[in-house]
file model07.csv (CSV, C-alpha atoms)
chain,number,residue,atom,x,y,z
A,897,MET,CA,0.0,0.0,0.0
A,898,GLY,CA,1.1,3.5,-0.7
A,899,PRO,CA,1.1,6.6,1.6
A,900,GLY,CA,-1.8,7.0,4.0
A,901,LEU,CA,-2.7,6.5,7.6
A,902,PHE,CA,-2.8,3.0,9.1
A,903,LEU,CA,-4.0,1.6,12.3
A,904,ILE,CA,-3.9,-1.7,14.1
A,905,ALA,CA,-7.0,-4.0,14.2
A,906,ILE,CA,-7.0,-6.7,16.9
A,907,MET,CA,-8.5,-9.9,15.5
A,908,GLY,CA,-9.7,-12.8,17.6
A,909,CYS,CA,-9.5,-16.3,16.0
A,910,GLY,CA,-10.7,-19.7,17.0
A,911,GLU,CA,-8.8,-22.9,16.4
A,912,ASP,CA,-11.0,-24.1,13.5
A,913,ASP,CA,-11.5,-22.8,10.0
A,914,SER,CA,-14.1,-20.1,11.1
A,915,SER,CA,-13.4,-16.5,10.3
A,916,CYS,CA,-11.4,-14.4,12.7
A,917,ARG,CA,-13.3,-11.5,14.2
A,918,GLN,CA,-12.2,-7.9,14.5
A,919,VAL,CA,-12.6,-7.2,18.2
A,920,ARG,CA,-10.8,-4.0,18.7
A,921,THR,CA,-9.2,-1.1,16.7
A,922,LEU,CA,-6.4,0.7,18.4
A,923,GLU,CA,-6.3,4.5,18.5
A,924,ALA,CA,-2.7,5.0,17.5
A,925,ARG,CA,-2.2,6.1,13.9
A,926,TYR,CA,0.8,5.3,11.7
A,927,GLU,CA,2.0,7.3,8.7
A,928,SER,CA,3.3,4.2,6.9
A,929,GLN,CA,2.4,0.6,6.7
A,930,ALA,CA,6.0,-0.3,7.7
A,931,ALA,CA,5.7,1.7,10.9
A,932,CYS,CA,2.3,0.0,11.6
A,933,THR,CA,3.7,-3.4,10.9
A,934,ALA,CA,6.6,-2.8,13.3
A,935,ALA,CA,4.2,-2.1,16.1
A,936,THR,CA,1.9,-5.2,15.6
A,937,GLU,CA,3.8,-7.7,17.7
A,938,ALA,CA,3.7,-5.5,20.8
A,939,ALA,CA,0.1,-4.6,20.1
A,940,ALA,CA,-0.9,-8.3,20.0
A,941,ALA,CA,0.8,-8.9,23.3
A,942,ARG,CA,-0.8,-5.9,25.0
A,943,ASN,CA,-4.3,-6.9,23.7
A,944,SER,CA,-4.3,-10.7,24.4
A,945,ASP,CA,-7.0,-10.2,27.0
A,946,VAL,CA,-9.8,-11.0,24.4
A,947,ASP,CA,-11.6,-14.3,24.8
A,948,TYR,CA,-10.1,-16.1,21.8
A,949,PRO,CA,-7.4,-18.8,21.7
A,950,VAL,CA,-5.5,-16.8,19.0
A,951,VAL,CA,-5.1,-13.1,18.9
A,952,VAL,CA,-3.7,-11.3,15.8
A,953,ALA,CA,-2.7,-7.7,15.2
A,954,ARG,CA,-3.2,-6.5,11.6
A,955,CYS,CA,-2.5,-3.2,10.0
A,956,ILE,CA,-5.4,-1.7,8.0
A,957,ALA,CA,-5.8,1.5,6.2
A,958,ALA,CA,-7.6,4.2,8.2
A,959,GLY,CA,-11.3,4.1,7.3
A,960,ALA,CA,-11.2,0.5,5.9
A,961,ARG,CA,-12.4,-2.7,7.4
A,962,SER,CA,-9.9,-5.6,7.8
A,963,GLU,CA,-10.1,-8.2,5.1
A,964,PRO,CA,-11.5,-11.6,6.2
A,965,LEU,CA,-9.0,-13.8,7.9
A,966,LYS,CA,-9.5,-17.5,8.9
A,967,ALA,CA,-7.7,-19.1,11.8
A,968,ASP,CA,-6.0,-21.5,9.4
A,969,ASP,CA,-4.4,-18.5,7.6
A,970,VAL,CA,-2.6,-17.4,10.8
A,971,GLN,CA,0.9,-18.7,11.0
A,972,ARG,CA,1.6,-19.8,14.5
A,973,PRO,CA,5.1,-19.5,16.1
A,974,GLY,CA,7.4,-22.4,15.4
A,975,PRO,CA,10.8,-23.3,14.0
A,976,GLY,CA,11.9,-20.9,11.3
A,977,ARG,CA,9.1,-18.5,11.9
A,978,ALA,CA,10.7,-15.7,13.8
A,979,GLY,CA,9.1,-12.2,13.8
A,980,LEU,CA,5.5,-13.3,13.4
A,981,LYS,CA,2.8,-10.9,14.6
A,982,VAL,CA,0.7,-13.4,16.5
A,983,SER,CA,0.2,-13.4,20.3
A,984,PRO,CA,0.9,-16.6,22.2
A,985,ILE,CA,-1.9,-19.1,22.1
A,986,ARG,CA,-3.8,-19.1,25.3
A,987,SER,CA,-5.3,-22.3,26.7
call {"tool": "encode", "arguments": {"input": "model07.csv", "output": "structure tokens"}}
result
Amino acid sequence: MGPGLFLIAIMGCGEDDSSCRQVRTLEARYESQAACTAATEAAAARNSDVDYPVVVARCIAAGARSEPLKADDVQRPGPGRAGLKVSPIRS
């Protein structure tokens, strides 16, 4: 995406193939997608209080809704997957 304002959407996902749900939009605004993306890992960790087993932070353009995301599309941490923007899975 080109220039614009971006914000972070917090998505709650189940463990099956159902769609993730946008549960929160953070107030912070970012002037580039790169700056927004750099903040997603910390945002997911700070917002892991939602009642879902998987919490994901995604950058979206200001004024837009997040594209649908399914739990199976979310890469979970594991070998060779450093730097993912997914909160720890809660049990």
call {"tool": "atom_distance", "arguments": {"input": "model07.csv", "atom1": "CA of Asp947 (chain A)", "atom2": "CA of Leu901 (chain A)"}}
result
28.4 Å
call {"tool": "closest_residue", "arguments": {"input": "model07.csv", "among": "A:Leu903, A:Ala941, A:Cys916, A:Ala934", "to": "Cys955 (chain A)", "atoms": "all atoms listed in the file"}}
result
A:Leu903
call {"tool": "closest_residue", "arguments": {"input": "model07.csv", "among": "A:Leu922, A:Ile906, A:Ala935, A:Ala930", "to": "Leu965 (chain A)", "atoms": "all atoms listed in the file"}}
result
A:Ile906
call {"tool": "atom_distance", "arguments": {"input": "model07.csv", "atom1": "CA of Ala905 (chain A)", "atom2": "CA of Gln929 (chain A)"}}
result
12.9 Å
call {"tool": "residues_near_point", "arguments": {"input": "model07.csv", "point": "(-11.4, -20.7, 16.8)", "cutoff": "10 Å", "atoms": "only C-alpha atoms", "output": "list in words"}}
result
Gly908, Cys909, Gly910, Glu911, Asp912, Asp913, Ser914, Ser915, Cys916, Arg917, Tyr948, Pro949, Val950, Lys966, Ala967 and Asp968 of chain A
call {"tool": "atom_distance", "arguments": {"input": "model07.csv", "atom1": "CA of Val951 (chain A)", "atom2": "CA of Gly900 (chain A)"}}
result
25.2 Å
call {"tool": "closest_residue", "arguments": {"input": "model07.csv", "among": "A:Met907, A:Asp945, A:Ala940, A:Ala958", "to": "Ala924 (chain A)", "atoms": "all atoms listed in the file"}}
result
A:Ala958
call {"tool": "closest_residue", "arguments": {"input": "model07.csv", "among": "A:Arg925, A:Glu963, A:Val919, A:Phe902", "to": "Val946 (chain A)", "atoms": "all atoms listed in the file"}}
result
A:Val919
call {"tool": "closest_residue", "arguments": {"input": "model07.csv", "among": "A:Ala939, A:Ala931, A:Val952, A:Ala957", "to": "Gln918 (chain A)", "atoms": "only C-alpha atoms"}}
result
A:Val952
call {"tool": "closest_residue", "arguments": {"input": "model07.csv", "among": "A:Thr933, A:Ala938, A:Ile904, A:Gly959", "to": "Arg920 (chain A)", "atoms": "all atoms listed in the file"}}
result
A:Ile904
